[in-house]
>>> print(open('entry-v9.pdb').read())   # PDB, C-alpha atoms
ATOM      1  CA  MET X 439     -19.141 -65.367  26.764
ATOM      2  CA  LYS X 440     -16.037 -67.458  26.090
ATOM      3  CA  ASN X 441     -18.028 -70.659  26.589
ATOM      4  CA  ILE X 442     -20.608 -69.473  24.067
ATOM      5  CA  ILE X 443     -17.873 -68.815  21.516
ATOM      6  CA  LEU X 444     -16.310 -72.212  22.160
ATOM      7  CA  ALA X 445     -19.688 -73.831  21.599
ATOM      8  CA  LEU X 446     -19.937 -71.991  18.284
ATOM      9  CA  ILE X 447     -16.522 -73.298  17.243
ATOM     10  CA  PHE X 448     -17.607 -76.819  18.048
ATOM     11  CA  VAL X 449     -20.696 -76.485  15.866
ATOM     12  CA  LEU X 450     -18.718 -75.027  12.984
ATOM     13  CA  PHE X 451     -15.689 -77.302  12.928
ATOM     14  CA  SER X 452     -16.285 -80.546  14.792
ATOM     15  CA  GLY X 453     -18.310 -83.696  14.363
ATOM     16  CA  VAL X 454     -17.528 -87.389  14.473
ATOM     17  CA  LEU X 455     -18.579 -87.844  10.875
ATOM     18  CA  ASN X 456     -17.030 -86.268   7.837
ATOM     19  CA  SER X 457     -18.142 -82.645   7.581
ATOM     20  CA  GLN X 458     -19.438 -83.194   4.057
ATOM     21  CA  GLU X 459     -22.096 -85.551   5.408
ATOM     22  CA  LYS X 460     -23.881 -82.651   7.071
ATOM     23  CA  THR X 461     -25.929 -79.876   5.473
ATOM     24  CA  ASP X 462     -23.077 -77.537   6.498
ATOM     25  CA  ALA X 463     -24.216 -73.889   6.321
ATOM     26  CA  LEU X 464     -27.694 -74.599   4.950
ATOM     27  CA  LYS X 465     -30.488 -73.228   7.110
ATOM     28  CA  GLY X 466     -33.524 -75.301   7.989
ATOM     29  CA  LYS X 467     -33.888 -79.009   7.217
ATOM     30  CA  PRO X 468     -33.364 -79.535   3.485
ATOM     31  CA  SER X 469     -34.244 -82.896   1.976
ATOM     32  CA  LEU X 470     -32.845 -82.179  -1.494
ATOM     33  CA  VAL X 471     -30.534 -79.584  -3.000
ATOM     34  CA  LYS X 472     -30.232 -79.365  -6.780
ATOM     35  CA  LYS X 473     -27.267 -77.279  -7.867
ATOM     36  CA  TYR X 474     -27.060 -76.117 -11.490
ATOM     37  CA  TYR X 475     -23.943 -74.659 -13.117
ATOM     38  CA  LEU X 476     -24.970 -72.347 -15.973
ATOM     39  CA  LEU X 477     -23.134 -70.988 -18.971
ATOM     40  CA  SER X 478     -23.295 -67.224 -19.587
ATOM     41  CA  PHE X 479     -23.608 -65.358 -22.875
ATOM     42  CA  LYS X 480     -23.745 -61.738 -24.029
ATOM     43  CA  LYS X 481     -27.172 -60.322 -24.881
ATOM     44  CA  ASN X 482     -27.537 -56.627 -25.729
ATOM     45  CA  LYS X 483     -24.042 -56.044 -24.326
ATOM     46  CA  LYS X 484     -25.028 -57.598 -20.999
ATOM     47  CA  TRP X 485     -24.341 -61.039 -19.587
ATOM     48  CA  ALA X 486     -27.345 -63.374 -19.490
ATOM     49  CA  ASP X 487     -27.919 -66.875 -18.134
ATOM     50  CA  GLY X 488     -27.400 -69.628 -20.673
ATOM     51  CA  LYS X 489     -28.041 -73.366 -20.652
ATOM     52  CA  ILE X 490     -27.239 -75.692 -17.788
ATOM     53  CA  GLN X 491     -23.726 -77.084 -18.094
ATOM     54  CA  SER X 492     -23.870 -79.582 -15.230
ATOM     55  CA  GLU X 493     -26.080 -80.536 -12.287
ATOM     56  CA  PHE X 494     -25.343 -81.924  -8.833
ATOM     57  CA  ASP X 495     -28.166 -83.300  -6.668
ATOM     58  CA  THR X 496     -27.648 -83.913  -2.951
ATOM     59  CA  HIS X 497     -30.226 -85.798  -0.866
ATOM     60  CA  PHE X 498     -30.275 -85.478   2.938
ATOM     61  CA  ASN X 499     -31.935 -87.512   5.662
ATOM     62  CA  ARG X 500     -33.729 -85.835   8.558
ATOM     63  CA  ASP X 501     -30.505 -85.811  10.596
ATOM     64  CA  GLY X 502     -28.834 -83.662   7.942
ATOM     65  CA  ARG X 503     -26.575 -86.404   6.626
ATOM     66  CA  VAL X 504     -25.972 -86.882   2.931
ATOM     67  CA  VAL X 505     -27.597 -90.109   1.708
ATOM     68  CA  LYS X 506     -27.259 -89.671  -2.051
ATOM     69  CA  GLU X 507     -25.193 -87.567  -4.472
ATOM     70  CA  ILE X 508     -25.896 -87.507  -8.206
ATOM     71  CA  GLU X 509     -23.886 -85.793 -10.937
ATOM     72  CA  LYS X 510     -25.523 -85.056 -14.293
ATOM     73  CA  ASN X 511     -24.357 -83.694 -17.627
ATOM     74  CA  ASP X 512     -27.024 -82.727 -20.170
ATOM     75  CA  LYS X 513     -29.588 -84.322 -17.826
ATOM     76  CA  ASN X 514     -27.789 -87.679 -18.062
ATOM     77  CA  VAL X 515     -26.511 -89.318 -14.872
ATOM     78  CA  VAL X 516     -22.733 -89.729 -15.052
ATOM     79  CA  ALA X 517     -22.031 -90.620 -11.414
ATOM     80  CA  GLN X 518     -23.938 -91.459  -8.269
ATOM     81  CA  LYS X 519     -22.943 -92.072  -4.654
ATOM     82  CA  ASN X 520     -25.241 -93.608  -2.059
ATOM     83  CA  TYR X 521     -24.513 -93.614   1.677
ATOM     84  CA  ILE X 522     -25.844 -95.925   4.384
ATOM     85  CA  TYR X 523     -25.291 -95.208   8.087
ATOM     86  CA  ARG X 524     -25.215 -97.752  10.906
ATOM     87  CA  ASN X 525     -25.469 -96.918  14.606
ATOM     88  CA  GLU X 526     -23.527 -98.628  17.416
ATOM     89  CA  THR X 527     -25.879-101.606  17.689
ATOM     90  CA  GLU X 528     -26.049-102.145  13.926
ATOM     91  CA  THR X 529     -22.269-101.784  13.633
ATOM     92  CA  ALA X 530     -21.697-104.393  16.342
ATOM     93  CA  LYS X 531     -23.996-106.779  14.478
ATOM     94  CA  PHE X 532     -22.212-106.027  11.184
ATOM     95  CA  CYS X 533     -18.824-106.861  12.723
ATOM     96  CA  SER X 534     -20.194-109.872  14.568
ATOM     97  CA  GLU X 535     -21.281-111.418  11.273
ATOM     98  CA  ILE X 536     -17.841-110.827   9.765
ATOM     99  CA  ALA X 537     -16.052-112.281  12.806
ATOM    100  CA  LYS X 538     -18.401-115.273  12.793
ATOM    101  CA  ASN X 539     -17.560-116.012   9.169
ATOM    102  CA  MET X 540     -13.856-115.766   9.968
ATOM    103  CA  ASN X 541     -14.186-118.239  12.837
ATOM    104  CA  LYS X 542     -16.121-120.687  10.645
ATOM    105  CA  SER X 543     -13.322-120.846   8.049
ATOM    106  CA  THR X 544     -11.692-124.279   7.984
ATOM    107  CA  SER X 545      -8.672-123.772   5.750
ATOM    108  CA  PHE X 546      -5.971-121.150   5.447
ATOM    109  CA  THR X 547      -7.095-120.143   1.981
ATOM    110  CA  ASP X 548     -10.690-119.723   3.137
ATOM    111  CA  ILE X 549      -9.970-117.537   6.164
ATOM    112  CA  GLN X 550     -11.415-114.099   5.579
ATOM    113  CA  THR X 551      -8.457-112.272   7.090
ATOM    114  CA  THR X 552      -9.061-109.025   5.260
ATOM    115  CA  PRO X 553      -7.967-105.875   7.109
ATOM    116  CA  LEU X 554     -11.634-104.983   7.601
ATOM    117  CA  GLY X 555     -12.315-108.391   9.132
ATOM    118  CA  VAL X 556      -9.327-108.110  11.452
ATOM    119  CA  PHE X 557     -10.440-104.615  12.476
ATOM    120  CA  CYS X 558     -13.923-105.870  13.290
ATOM    121  CA  LYS X 559     -12.553-108.710  15.390
ATOM    122  CA  LYS X 560      -9.879-106.811  17.305
ATOM    123  CA  GLU X 561     -10.586-103.078  17.218
ATOM    124  CA  LEU X 562     -14.354-102.772  17.614
ATOM    125  CA  ASN X 563     -15.239-100.664  20.662
ATOM    126  CA  ALA X 564     -18.387 -99.309  22.237
ATOM    127  CA  GLY X 565     -19.404 -96.144  20.448
ATOM    128  CA  THR X 566     -18.324 -97.361  17.014
ATOM    129  CA  SER X 567     -20.533 -96.478  14.036
ATOM    130  CA  ILE X 568     -20.081 -96.925  10.294
ATOM    131  CA  LYS X 569     -20.896 -95.309   6.986
ATOM    132  CA  ILE X 570     -20.933 -97.359   3.789
ATOM    133  CA  GLN X 571     -20.422 -95.613   0.442
ATOM    134  CA  PHE X 572     -21.694 -97.082  -2.822
ATOM    135  CA  ASN X 573     -20.511 -95.673  -6.156
ATOM    136  CA  LEU X 574     -23.014 -96.221  -8.942
ATOM    137  CA  THR X 575     -22.916 -95.601 -12.664
ATOM    138  CA  PRO X 576     -25.682 -96.213 -15.214
ATOM    139  CA  GLN X 577     -23.761 -99.295 -16.406
ATOM    140  CA  GLU X 578     -23.615-101.007 -13.013
ATOM    141  CA  LYS X 579     -26.374-103.464 -12.148
ATOM    142  CA  THR X 580     -25.479-104.256  -8.529
ATOM    143  CA  GLN X 581     -24.441-102.207  -5.546
ATOM    144  CA  LYS X 582     -20.987-103.022  -4.211
ATOM    145  CA  PRO X 583     -19.555-101.067  -1.277
ATOM    146  CA  PHE X 584     -16.915 -98.663  -2.546
ATOM    147  CA  ARG X 585     -15.729 -97.557   0.896
ATOM    148  CA  THR X 586     -16.548 -98.458   4.480
ATOM    149  CA  PHE X 587     -15.910 -95.809   7.147
ATOM    150  CA  PHE X 588     -15.581 -96.768  10.822
ATOM    151  CA  TYR X 589     -15.970 -93.994  13.412
ATOM    152  CA  VAL X 590     -14.729 -94.691  16.939
ATOM    153  CA  LYS X 591     -15.409 -92.240  19.775
ATOM    154  CA  LYS X 592     -12.871 -91.922  22.567
ATOM    155  CA  SER X 593     -12.533 -89.481  25.457
ATOM    156  CA  LYS X 594     -10.832 -86.581  23.680
ATOM    157  CA  GLN X 595     -10.513 -87.897  20.156
ATOM    158  CA  THR X 596     -12.321 -89.717  17.369
ATOM    159  CA  GLU X 597     -10.825 -92.154  14.892
ATOM    160  CA  GLU X 598     -12.002 -92.658  11.331
ATOM    161  CA  THR X 599     -10.711 -95.855   9.697
ATOM    162  CA  VAL X 600     -11.490 -96.347   6.008
ATOM    163  CA  PHE X 601     -11.492 -99.554   3.959
ATOM    164  CA  ASP X 602     -11.764 -99.842   0.168
ATOM    165  CA  SER X 603     -14.036-101.970  -2.010
ATOM    166  CA  GLU X 604     -11.831-105.033  -1.412
ATOM    167  CA  ASN X 605     -11.976-104.502   2.366
ATOM    168  CA  ASN X 606      -8.342-103.397   2.436
ATOM    169  CA  PHE X 607      -7.118-100.584   4.679
ATOM    170  CA  GLU X 608      -7.090 -97.222   2.881
ATOM    171  CA  TYR X 609      -6.305 -94.622   5.557
ATOM    172  CA  LYS X 610      -6.976 -93.597   9.145
ATOM    173  CA  THR X 611      -7.803 -90.114  10.440
ATOM    174  CA  VAL X 612      -7.424 -89.176  14.108
ATOM    175  CA  ARG X 613      -9.165 -86.037  15.376
ATOM    176  CA  LYS X 614      -8.159 -84.621  18.764
ATOM    177  CA  TYR X 615     -10.262 -82.246  20.863
ATOM    178  CA  ASP X 616      -9.819 -80.144  23.978
ATOM    179  CA  LYS X 617     -11.893 -80.696  27.131
ATOM    180  CA  LYS X 618     -14.700 -78.517  25.740
ATOM    181  CA  GLY X 619     -14.911 -80.540  22.529
ATOM    182  CA  ASN X 620     -13.201 -78.022  20.244
ATOM    183  CA  PRO X 621     -10.990 -79.587  17.533
ATOM    184  CA  LEU X 622      -7.246 -79.221  18.058
ATOM    185  CA  GLU X 623      -5.652 -81.492  15.491
ATOM    186  CA  LYS X 624      -6.540 -83.819  12.624
ATOM    187  CA  THR X 625      -3.941 -86.281  11.317
ATOM    188  CA  LYS X 626      -4.258 -88.736   8.441
ATOM    189  CA  TYR X 627      -2.168 -91.937   8.497
ATOM    190  CA  ASP X 628      -1.325 -94.654   5.972
ATOM    191  CA  MET X 629      -1.355 -98.417   6.612
ATOM    192  CA  ASP X 630       2.095 -98.222   8.264
ATOM    193  CA  SER X 631       0.926 -95.469  10.653
ATOM    194  CA  ARG X 632       2.988 -92.892   8.800
ATOM    195  CA  GLN X 633       1.641 -89.367   8.648
ATOM    196  CA  MET X 634       0.114 -88.448   5.295
ATOM    197  CA  GLU X 635      -1.110 -84.986   6.274
ATOM    198  CA  LYS X 636      -1.924 -82.999   9.388
ATOM    199  CA  GLU X 637      -4.207 -80.096  10.274
ATOM    200  CA  VAL X 638      -3.666 -78.007  13.437
ATOM    201  CA  TYR X 639      -6.169 -75.540  14.966
ATOM    202  CA  LYS X 640      -5.466 -72.413  16.995
ATOM    203  CA  TYR X 641      -8.045 -70.052  18.522
ATOM    204  CA  SER X 642      -8.107 -66.401  19.555
ATOM    205  CA  PHE X 643     -10.969 -64.513  21.189
ATOM    206  CA  SER X 644     -12.595 -61.055  21.342
ATOM    207  CA  PRO X 645     -13.197 -61.119  18.462
ATOM    208  CA  LEU X 646     -13.069 -64.788  17.589
ATOM    209  CA  SER X 647     -10.555 -66.034  15.018
ATOM    210  CA  VAL X 648      -9.598 -69.577  14.037
ATOM    211  CA  THR X 649      -6.315 -70.509  12.351
ATOM    212  CA  ARG X 650      -5.916 -73.848  10.596
ATOM    213  CA  LYS X 651      -2.474 -74.938   9.414
ATOM    214  CA  TYR X 652      -2.030 -77.819   6.977
ATOM    215  CA  PHE X 653       1.173 -79.879   6.906
ATOM    216  CA  ASP X 654       2.299 -82.625   4.524
ATOM    217  CA  SER X 655       3.832 -86.016   5.359
ATOM    218  CA  ASN X 656       7.151 -84.340   6.221
ATOM    219  CA  ASP X 657       5.543 -81.729   8.499
ATOM    220  CA  ILE X 658       6.165 -78.998   5.925
ATOM    221  CA  LEU X 659       3.597 -76.206   6.074
ATOM    222  CA  LYS X 660       1.589 -76.193   2.816
ATOM    223  CA  LYS X 661      -1.464 -74.065   3.585
ATOM    224  CA  GLU X 662      -2.869 -71.788   6.269
ATOM    225  CA  ILE X 663      -6.467 -70.623   6.636
ATOM    226  CA  LEU X 664      -7.391 -67.766   8.958
ATOM    227  CA  GLU X 665     -11.092 -67.270   9.716
ATOM    228  CA  GLU X 666     -12.017 -63.978  11.373
ATOM    229  CA  TYR X 667     -15.398 -63.289  12.967
ATOM    230  CA  ARG X 668     -17.333 -60.193  13.978
ATOM    231  CA  MET X 669     -18.228 -59.512  17.594
ATOM    232  CA  ASP X 670     -21.647 -61.116  16.957
ATOM    233  CA  ASN X 671     -19.800 -64.297  15.807
ATOM    234  CA  THR X 672     -20.744 -63.963  12.126
ATOM    235  CA  LEU X 673     -17.950 -64.796   9.691
ATOM    236  CA  ARG X 674     -16.240 -61.633   8.417
ATOM    237  CA  LYS X 675     -13.188 -62.717   6.414
ATOM    238  CA  VAL X 676     -11.242 -65.823   5.382
ATOM    239  CA  THR X 677      -7.594 -65.577   4.340
ATOM    240  CA  GLU X 678      -6.047 -68.611   2.639
ATOM    241  CA  THR X 679      -2.265 -68.686   2.168
ATOM    242  CA  THR X 680      -0.390 -71.425   0.317
ATOM    243  CA  TYR X 681       3.302 -72.203   0.703
ATOM    244  CA  ASP X 682       6.014 -73.814  -1.421
ATOM    245  CA  ASP X 683       8.325 -76.627  -0.295
ATOM    246  CA  LEU X 684      10.541 -74.097   1.492
ATOM    247  CA  GLU X 685       7.522 -72.787   3.409
ATOM    248  CA  GLN X 686       7.682 -69.488   1.555
ATOM    249  CA  VAL X 687       4.418 -67.780   0.590
ATOM    250  CA  PHE X 688       3.250 -68.929  -2.833
ATOM    251  CA  SER X 689      -0.195 -67.305  -3.052
ATOM    252  CA  ARG X 690      -2.863 -65.658  -0.926
ATOM    253  CA  THR X 691      -6.620 -65.257  -1.265
ATOM    254  CA  GLU X 692      -8.819 -63.030   0.907
ATOM    255  CA  THR X 693     -12.581 -63.560   0.939
ATOM    256  CA  GLY X 694     -14.967 -61.134   2.628
ATOM    257  CA  TYR X 695     -18.411 -62.220   3.860
ATOM    258  CA  ASP X 696     -21.612 -60.272   4.395
ATOM    259  CA  THR X 697     -23.548 -60.355   7.664
ATOM    260  CA  SER X 698     -25.619 -63.297   6.376
ATOM    261  CA  GLY X 699     -22.495 -65.416   6.027
ATOM    262  CA  PHE X 700     -22.306 -65.365   2.224
ATOM    263  CA  LYS X 701     -19.304 -64.448   0.100
ATOM    264  CA  ALA X 702     -19.183 -60.795  -0.952
ATOM    265  CA  LYS X 703     -15.710 -60.206  -2.394
ATOM    266  CA  GLU X 704     -12.686 -62.383  -3.109
ATOM    267  CA  THR X 705      -9.213 -61.051  -3.935
ATOM    268  CA  SER X 706      -6.258 -63.133  -5.112
ATOM    269  CA  TYR X 707      -2.647 -62.065  -4.574
ATOM    270  CA  SER X 708       0.574 -63.233  -6.200
ATOM    271  CA  GLN X 709       3.714 -64.434  -4.456
ATOM    272  CA  ASP X 710       4.977 -60.859  -4.082
ATOM    273  CA  ASN X 711       1.648 -59.776  -2.525
ATOM    274  CA  THR X 712       0.444 -57.999  -5.673
ATOM    275  CA  PRO X 713      -3.352 -58.183  -6.198
ATOM    276  CA  GLN X 714      -4.079 -60.179  -9.360
ATOM    277  CA  HIS X 715      -7.838 -60.246  -9.725
ATOM    278  CA  GLU X 716     -11.012 -59.825  -7.755
ATOM    279  CA  TYR X 717     -14.388 -61.544  -7.711
ATOM    280  CA  ARG X 718     -17.649 -59.866  -6.682
ATOM    281  CA  TYR X 719     -20.572 -62.001  -5.525
ATOM    282  CA  GLU X 720     -24.321 -61.477  -5.866
ATOM    283  CA  HIS X 721     -26.995 -63.676  -4.276
ATOM    284  CA  GLU X 722     -30.712 -64.346  -4.367
ATOM    285  CA  TYR X 723     -32.405 -66.076  -1.413
ATOM    286  CA  ASP X 724     -35.389 -68.222  -0.511
ATOM    287  CA  SER X 725     -37.690 -67.772   2.498
ATOM    288  CA  ALA X 726     -35.409 -69.920   4.694
ATOM    289  CA  GLY X 727     -32.465 -67.600   4.095
ATOM    290  CA  ASN X 728     -30.499 -69.939   1.830
ATOM    291  CA  TRP X 729     -29.164 -68.601  -1.449
ATOM    292  CA  THR X 730     -30.862 -69.878  -4.590
ATOM    293  CA  LYS X 731     -28.658 -68.070  -7.096
ATOM    294  CA  GLU X 732     -25.019 -67.034  -6.902
ATOM    295  CA  ILE X 733     -23.243 -64.903  -9.500
ATOM    296  CA  ARG X 734     -19.470 -64.480  -9.368
ATOM    297  CA  ARG X 735     -18.115 -61.666 -11.544
ATOM    298  CA  LYS X 736     -14.410 -61.368 -12.234
ATOM    299  CA  LYS X 737     -12.639 -58.008 -12.013
ATOM    300  CA  THR X 738      -9.156 -57.342 -13.358
ATOM    301  CA  ILE X 739      -6.934 -55.215 -11.145
ATOM    302  CA  ILE X 740      -5.011 -52.533 -13.040
ATOM    303  CA  TYR X 741      -2.956 -50.023 -11.058
ATOM    304  CA  ASP X 742      -4.774 -51.028  -7.863
ATOM    305  CA  LYS X 743      -8.164 -50.438  -9.473
ATOM    306  CA  ALA X 744     -10.689 -53.227 -10.134
ATOM    307  CA  VAL X 745     -12.183 -52.980 -13.636
ATOM    308  CA  ASP X 746     -14.736 -55.136 -15.433
ATOM    309  CA  SER X 747     -13.414 -58.239 -17.145
ATOM    310  CA  GLU X 748     -14.624 -59.856 -20.351
ATOM    311  CA  THR X 749     -14.621 -63.193 -18.545
ATOM    312  CA  PRO X 750     -18.167 -64.645 -18.423
ATOM    313  CA  PRO X 751     -19.579 -64.635 -14.880
ATOM    314  CA  ASP X 752     -19.925 -67.923 -13.021
ATOM    315  CA  VAL X 753     -23.593 -68.617 -12.303
ATOM    316  CA  ILE X 754     -24.943 -71.261  -9.939
ATOM    317  CA  LYS X 755     -28.619 -71.857  -9.238
ATOM    318  CA  ARG X 756     -30.005 -73.992  -6.429
ATOM    319  CA  GLU X 757     -33.416 -75.570  -5.964
ATOM    320  CA  ILE X 758     -33.899 -76.528  -2.318
ATOM    321  CA  GLU X 759     -36.632 -78.797  -0.978
ATOM    322  CA  TYR X 760     -37.283 -79.008   2.765
ATOM    323  CA  TYR X 761     -38.730 -81.544   5.150
ATOM    324  CA  PRO X 762     -42.204 -80.584   6.439
ATOM    325  CA  GLY X 763     -42.287 -78.579   9.625
ATOM    326  CA  LYS X 764     -40.591 -75.467  10.915
ATOM    327  CA  ASN X 765     -37.368 -74.598   9.069
TER     328      ASN X 765
END
>>> encode(input="entry-v9.pdb", output="structure tokens")
Amino acid sequence: MKNIILALIFVLFSGVLNSQEKTDALKGKPSLVKKYYLLSFKKNKKWADGKIQSEFDTHFNRDGRVVKEIEKNDKNVVAQKNYIYRNETETAKFCSEIAKNMNKSTSFTDIQTTPLGVFCKKELNAGTSIKIQFNLTPQEKTQKPFRTFFYVKKSKQTEETVFDSENNFEYKTVRKYDKKGNPLEKTKYDMDSRQMEKEVYKYSFSPLSVTRKYFDSNDILKKEILEEYRMDNTLRKVTETTYDDLEQVFSRTETGYDTSGFKAKETSYSQDNTPQHEYRYEHEYDSAGNWTKEIRRKKTIIYDKAVDSETPPDVIKREIEYYPGKN
């Protein structure tokens, strides 16, 4: 049973690539998710859906990786990100071309000794893959890489090294795992190998719970997230606690989940542990079990009682397209 739970943890929290590249909690094999943020208005003393305020489109490949993200306001594209992935063989060829150009340079000023070039020449290992991010706007005519991500697999850790649009080093993230592949620690470093931030994992079993602690560059605790699961391994509750510079509790938020894994109720507490407000969630679903509409209604807490608020509800609609085949 413990091995089954550990496998579940690995699915939920690990992965060589950035977690946002995957479809995350979406069921099936979506090819496109259109997310609409709607305004709400009062009609006959009840809240009704208004016009679309903004739209976010996410395109996935068949492996579940994000290949395109588009942001729209009033149906106009305001930002777009495209992603290209290269496997080990393609990455080796990519770096070989860069190293070849460096070796062909004949003068000091011509040598392409960018940090990315040096990395390709000295740090490339078997098992290295890359992701290239392009940021596009309607005004841009050509695609120029905005970031290049290198992912290096090692025995019990993976390394993500990121370079900017000028091929300069941006940051490095090292993820460490136990012998079963469960994440233990994630640390982000600057160009001088100084810690920028760190995330530490701790596990408990029967029932399963996962604690993630976030530390800043000085190893000061800034945030803690506790995820608690039911005996059937479905997510039951998430408690997020933030801390000040003296590591004293600053705020706390508890979010309860239904048996389908969707948010049901969220309660925010002040520094002195007094409940401030509460959100209630409602969902509509498609045939694959993914939500297509989410309504978040705010409740004001007065004398420990949650009462309706005059705050307009937050409404999100999703249109999900799937790849052909069984979802």
>>> resolve_selection(input="entry-v9.pdb", expression="the PyMOL selection byres ((chain X and resi 628) around 12)", output="ChimeraX atom specification")
/X:599-601,606-612,625-627,629-635,655
>>> resolve_selection(input="entry-v9.pdb", expression="the PyMOL selection byres ((chain X and resi 713) around 10)", output="list in words")
Arg690, Thr691, Thr705, Ser706, Tyr707, Ser708, Gln709, Asp710, Asn711, Thr712, Gln714, His715, Glu716, Thr738, Ile739, Ile740, Tyr741, Asp742, Lys743 and Ala744 of chain X
>>> closest_residue(input="entry-v9.pdb", among="X:Asn525, X:Thr672, X:Ser647, X:Ser689", to="Ile570 in chain X", atoms="only C-alpha atoms")
X:Asn525
>>> closest_residue(input="entry-v9.pdb", among="X:Asn511, X:Thr749, X:Ser642, X:Ser478", to="Ser492 in chain X", atoms="all atoms listed in the file")
X:Asn511
>>> closest_residue(input="entry-v9.pdb", among="X:Ile658, X:Val590, X:Ile663, X:Val753", to="Glu720 in chain X", atoms="all atoms listed in the file")
X:Val753
>>> atom_distance(input="entry-v9.pdb", atom1="CA of Ala726 in chain X", atom2="CA of Asn499 in chain X")
18.0 Å
>>> axis_aligned_box(input="entry-v9.pdb", around="range 628-642 of chain X", padding_each_side="5 Å", output="JSON")
{"center_x": -2.6, "center_y": -82.4, "center_z": 12.4, "size_x": 21.1, "size_y": 42.0, "size_z": 24.3}
>>> residues_around(input="entry-v9.pdb", residues="range 582-585 of chain X", least_positions_apart="3", cutoff="6 Å", atoms="all atoms listed in the file", output="ChimeraX atom specification")
/X:570-573,601-603
>>> atom_distance(input="entry-v9.pdb", atom1="CA of Tyr652 in chain X", atom2="CA of Gln595 in chain X")
18.6 Å
>>> atom_distance(input="entry-v9.pdb", atom1="CA of Arg735 in chain X", atom2="CA of Lys465 in chain X")
25.2 Å
>>> resolve_selection(input="entry-v9.pdb", expression="the PyMOL selection byres ((chain X and resi 702) around 8)", output="NGL selection string")
:X and (693-696 or 700-701 or 703-704 or 718-720)
>>> closest_residue(input="entry-v9.pdb", among="X:Asp670, X:Asp746, X:Glu623, X:Glu759", to="Asp495 in chain X", atoms="only C-alpha atoms")
X:Glu759
>>> residues_around(input="entry-v9.pdb", residues="Val516 in chain X", least_positions_apart="5", cutoff="9 Å", atoms="all atoms listed in the file", output="list in words")
Ile508, Glu509, Lys510, Asn511, Leu574, Thr575 and Pro576 of chain X
>>> build_atoms(input="entry-v9.pdb", residues="range 468-479 of chain X", atoms="N, CA and C atoms", output="short mmCIF file (atom, residue, chain, number, x, y, z; two decimals), keeping the file's coordinate frame")
data_model
loop_
_atom_site.label_atom_id
_atom_site.label_comp_id
_atom_site.auth_asym_id
_atom_site.auth_seq_id
_atom_site.Cartn_x
_atom_site.Cartn_y
_atom_site.Cartn_z
N PRO X 468 -33.17 -79.19 4.89
CA PRO X 468 -33.36 -79.54 3.48
C PRO X 468 -33.38 -81.04 3.27
N SER X 469 -34.21 -81.49 2.36
CA SER X 469 -34.24 -82.90 1.98
C SER X 469 -33.52 -83.12 0.65
N LEU X 470 -33.49 -82.07 -0.18
CA LEU X 470 -32.84 -82.18 -1.49
C LEU X 470 -32.34 -80.81 -1.94
N VAL X 471 -31.11 -80.80 -2.42
CA VAL X 471 -30.53 -79.58 -3.00
C VAL X 471 -30.07 -79.91 -4.41
N LYS X 472 -30.66 -79.22 -5.39
CA LYS X 472 -30.23 -79.36 -6.78
C LYS X 472 -29.40 -78.14 -7.15
N LYS X 473 -28.17 -78.38 -7.54
CA LYS X 473 -27.27 -77.28 -7.87
C LYS X 473 -26.96 -77.33 -9.36
N TYR X 474 -27.25 -76.21 -10.05
CA TYR X 474 -27.06 -76.12 -11.49
C TYR X 474 -25.94 -75.12 -11.81
N TYR X 475 -25.00 -75.55 -12.64
CA TYR X 475 -23.94 -74.66 -13.12
C TYR X 475 -24.31 -74.21 -14.53
N LEU X 476 -24.48 -72.89 -14.71
CA LEU X 476 -24.97 -72.35 -15.97
C LEU X 476 -23.86 -71.69 -16.78
N LEU X 477 -24.00 -71.75 -18.08
CA LEU X 477 -23.13 -70.99 -18.97
C LEU X 477 -23.70 -69.58 -19.10
N SER X 478 -22.85 -68.61 -19.39
CA SER X 478 -23.30 -67.22 -19.59
C SER X 478 -23.00 -66.78 -21.01
N PHE X 479 -23.84 -65.88 -21.53
CA PHE X 479 -23.61 -65.36 -22.88
C PHE X 479 -24.00 -63.88 -22.91
#
